[in-house]
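S.K.: This is the structure I have questions about; it appears just below.
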Amino acid sequence: MSRHSVVVDHIAKSYGRVKAVGNLSLDVGRGELFGIIGPDGAGKTTLFRILATLMLPDSGRATVGGLDVVADYRAVRGIIGYMPGRFSLYPDLTVEENLEFFATVFGTTVEANRHLVDDIYRQIEPFRKRPAGKLSGGMKQKLALSCALIHKPEVLLLDEPTTGVDPVSRKEFWAMLLKLRNEGITILVSTPYMDEATLCDRIALVKDGSLLGTDTPGGIVGRYPTALYAVRSADMHRLMADLAGYTGAASAFSFGDTFHVTLAPGTAPADLQSHLAALGHKAVCIEQTAPTVEDCFMLLSKKEE
Amino acid sequence: MRQFKSFVKKEFLQIFRDRRTLLILLAMPLVLVMALGYAIKTELNNARMAVFDASKDARTLRIKEAFRASKWFTIVEEAPTMARIDELFSRGEISMALVFGPDFAATMGKPAGETAIQVIADGTDPNQAAMLTAYAQGVMATATGAGGGIGIHTRMLYNPQQKSSYNFVPGVMGLVLMLICAMMTSVAIVREKETGTMEVLLASPMKPLHIILSKMAPYFTLSVVNIVTVLLLAVFVMGVPIRGSIAWLSVASVLFIVVALALGLLISTLVDRQMSALLVSGIGLMMPTLVFSGLIFPIENMPAALRWISDIIPARWYISAVRKIMIEGTGPESFAKELCIIALMAVVLMAAAMKKFKVRLC
Amino acid sequence: MTRMRETVIHTDRLTKRFGNFTAVDHISFDVGRGEIFGFLGANGAGKTTAMRMLCGLSRPTEGSGSVAGYDIATQPEMVKRNIGYMSQRFSLYEDLKVWENLRLFGGIYGLGARQTATKTDEMLCRLGLEGERDTLVKALPLGWKQKLAFSVAIFHKPRVVFLDEPTGGVDPAARRRFWELIYSAADSGITVFVTTHYMDEAEYCDRVSIMVDGRIEALDRPAALKRQFEAPTMDEVFRRLARKATRQSD
């Protein structure tokens, strides 16, 4: 028994001349909640389809639960649970029927795994006799998530389960993922939302089919090479242009209600403070801040370019 | 097995929920049988006809007058040549022509075949043609005062064998099975591709064969229901006889259903959109079935090239077999060829479809 | 920060009912010219229905509203002529080239051939996409597509542009560049009405409304909302309000 549950070894896949995944390698440990973080077009879906035995890689190999995804694809299908990104339900079946159907397809029953989805399913249960097509967008998502989690596989592959979901429902969903992880299920989940990365045990940042870095979220942000400052002033709008025009700032990105700024070598925060004051900015506030996964992602993808 | 059962249940639920489609599927054979059955006219009213008169004497004049006066016929043209008659037929402007030879008067008393008078009728609608010639006989008998009637030579254009008008029943059966099995199966599978559920099903522990079989099961059932409906209607409402063996009829139907299901599955492996599935099965299967199966145009009268094409249309063989079993009531030796061809097609197409059905996305 | 501005969007107890279900429940607010207005709410809170009414696509059951000075119930055609719309799902025709898309939308909004041509050049130049004139839209990276779609939505200089989750799935750097486009559109006087699931983007809006169960539960500048709810981030504000939701269905 290997320590790793999912092993991706130099996998590459192209569609015609378009490279979707290029020479990507990663390992996911048993019982780990592993996040693939990256924007649309990063190759997340292709990677998931290869792992779900739905696509053949051009080169490289991958195993799930020690089984080869190409040679032993039938066996792999027996141990994985997979939910694709553009997955939708059967609109003409009721909430209950959808859930039951997916439970049966994956060889389990709703009763057996009801506790896994209870938090979300409770909210849709009053409408269990309603066709899924007649649910609101939010309710549909919740049902889809319930269907995705109703089976208790060895390895769960979830491709962008939270895309388009509001922040509150997203939090509920992640709480359920943690619960599943605690039951010993290995979970590989992809998301374009960087803020969800911190909830994973380990993450892989991907862009344009290649890996920018793999580590624990803490490890990723811990490796941020320079000090990061949150900058604000009374006129945030003008601040953007002024920061962009300042050679002492190596990078400047808007970040919520502040700008995240890194300074060029030889520039001190005080230099920035006086520069902005000289430009007439009032209430300038510069304080060092902890980098987030999103900061790291932007830094790493800039390096790539 | 539990997965398979649950899948079939889901398919049935989906079909029954879609009331409109279900209604169309169940009502369509009914409507087709009724419409085609009653379209066979039983009364004649102002049938358009032309005359070619090479005699032009008092007798032919009297006969023509009688036709003009009758409420059953309208003479649209006195054709100067026989070529003109052919032209009128091919344009569909007339459904009957009356032809007098140059020595009509001299041959009047002779038996049919020796008289110089001919009635030509459009045989594409055999019932109508038979009626036209019968009424024409009557008109002429009255006009000439010949009690026993004149021996008239009748000739059927386009359908010389004058196949029975009951022929539409096998045709409808072929069409309905093609529609339900091939078209609906392909659409149902492609719909799962479109919604992304196929991806989940493929990656699930379910066997691909089970996915295929459970997709086919409901349409197989529906087809059987429809075939029974068509037969009941044909026999009890339209009075079409089943002269041959019902057992052989069932064998032929089941074989053909397998062919149609395989075609549906094949189409579903080729396209990714419901709309394309509908178009491909509509144009690729329904149209040829309609044109080449002998439902509308008798195959015997087609040019050799087209007849050859019709040989690869499965429905053509099914319809031919059903005709022989049901209407002609002949024994197995007469339709053995048809059954063998359908069985062969069933095996080949099903094998091809199973092979093409991808266990992966690409 | 409160500037006296001409009102471009005005709603007064705007309501939409479907049967006995009230999707949008007496919402009233004003949005000024050149303002960036964030329209937040959980899935199913009624955002889409409200936005449809404002775009003249759906008649209010009760209450009234006007967009760009035209009544949304009685003059929907005039409303449509004065707004731009972009959503994550429908933006451009994927199988047409970049310039073909621009020509098409120019035509839809009644711009002449020459005017469309000049504006096309100008716009591609501004976006740095001159080299992509003859590229099929589907071959463009998502971030570029989104920028292009936004530029198309404001091609005809509408008074208001409605953006429905415009940045979903875009990488963080492209998302920020997209917001720079939004700022410059707002600076040119176009009112921006935007929905998003990224709470950091809520901070970029001039004012934000949060819908819960069809009603607007909070509406103010992000800083003021954070003060009011004593929350460090908009994410926290949103969660506190959305948790109050009782409604489960549409």
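Labels for the structure tokens follow display order: chains A, B, ..., residues from 1 in each chain, ligands from 1.
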List the spatial neighbours of A:Pro39 as a CSV table (one decimal) with N, CA and C atoms, in the first residue's frame - criterion: any atom at most 7 Å away, only C-alpha atoms, same-chain residues fewer than 2 positions off excluded.

M.R.:
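File produced: around_17.csv:
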```csv
chain,number,residue,atom,x,y,z
A,41,GLY,N,-9.2,27.5,-17.7
A,41,GLY,CA,-8.2,27.4,-18.8
A,41,GLY,C,-6.9,27.0,-18.2
A,42,ALA,N,-6.8,26.7,-16.9
A,42,ALA,CA,-5.5,26.3,-16.4
A,42,ALA,C,-5.2,24.8,-16.6
A,192,PRO,N,-11.5,28.0,-8.7
A,192,PRO,CA,-10.9,29.2,-9.1
A,192,PRO,C,-10.8,30.3,-8.0
A,207,LYS,N,-1.5,27.1,-13.6
A,207,LYS,CA,-1.8,28.1,-14.6
A,207,LYS,C,-1.3,27.6,-16.0
C,169,GLY,N,-14.2,32.8,-12.6
C,169,GLY,CA,-13.2,31.9,-13.1
C,169,GLY,C,-12.0,32.6,-13.7
C,170,VAL,N,-11.9,33.9,-13.7
C,170,VAL,CA,-10.7,34.6,-14.3
C,170,VAL,C,-9.6,34.6,-13.4
C,171,ASP,N,-8.4,34.5,-13.9
C,171,ASP,CA,-7.2,34.5,-12.9
C,171,ASP,C,-7.1,35.9,-12.2
```

S.K.: Once you count only C-alpha atoms, which residues of chain C turn out to be within 7 Å of chain A? Could you give them as a ChimeraX atom specification?

M.R.: /C:42-44,168-173,176,197,200-201,203-204,239,242,248-250

S.K.: May I have the residues within 9 Å of C:Ile154 as an NGL selection string, using only C-alpha atoms and disregarding those fewer than 6 positions away in the same chain?

M.R.: :C and (83-85 or 160-161 or 185 or 190)

S.K.: Residues within 12 Å of B:Leu344, please, as number ranges by chain. Count only C-alpha atoms; anything in the same chain fewer than 4 positions from it doesn't count.

M.R.: B: 255-256, 258-259, 312, 314, 317, 337-340, 348-351

S.K.: Could you please take those selected residues and save C-alpha atoms as a PDB file, in the first residue's frame?

M.R.:
```pdb
ATOM      1  CA  LEU B 255     -35.254  -8.086 -35.089  1.00  0.00           C
ATOM      2  CA  PHE B 256     -36.083  -4.762 -36.664  1.00  0.00           C
ATOM      3  CA  VAL B 258     -32.817  -4.268 -32.504  1.00  0.00           C
ATOM      4  CA  VAL B 259     -31.638  -2.779 -35.798  1.00  0.00           C
ATOM      5  CA  ILE B 312     -29.449  -0.941 -47.658  1.00  0.00           C
ATOM      6  CA  PRO B 314     -33.369  -1.717 -43.102  1.00  0.00           C
ATOM      7  CA  TRP B 317     -36.751  -5.333 -45.724  1.00  0.00           C
ATOM      8  CA  LYS B 337     -34.504 -13.662 -47.322  1.00  0.00           C
ATOM      9  CA  GLU B 338     -35.898 -10.539 -45.640  1.00  0.00           C
ATOM     10  CA  LEU B 339     -35.594 -11.992 -42.155  1.00  0.00           C
ATOM     11  CA  CYS B 340     -32.026 -13.096 -42.782  1.00  0.00           C
ATOM     12  CA  VAL B 348     -23.554  -6.052 -37.584  1.00  0.00           C
ATOM     13  CA  LEU B 349     -25.051  -2.737 -36.455  1.00  0.00           C
ATOM     14  CA  MET B 350     -25.271  -3.725 -32.806  1.00  0.00           C
ATOM     15  CA  ALA B 351     -21.671  -4.922 -32.824  1.00  0.00           C
TER      16      ALA B 351
END
```

S.K.: Distance cut-off 7 Å, counting only C-alpha atoms - which residues of chain A neighbour chain B? Return them as a list in words.

M.R.: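 Taking only C-alpha atoms into account, Ala52, Thr53, Leu54, Met55, Arg77, Gly78, Gly81, Tyr82, Met83, Arg86, Phe87, Ser88, Asp92, Leu93, Phe101, Thr104, Val105, Phe106 and Gly107 of chain A sit within 7 Å of chain B.
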
S.K.: Run DSSP on the backbone of this structure and report the residues of stretch 97-132 of chain C it assigns to helix (DSSP H, G or I), as a PyMOL selection string.

M.R.: chain C and resi 98-108+113-127+130-132

S.K.: Quick one: pull the distance between atom CA of A:Gly31 and atom CA of A:Ala12, Å, one decimal.

M.R.: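 Between atom CA of A:Gly31 and atom CA of A:Ala12 the gap is 25.7 Å.
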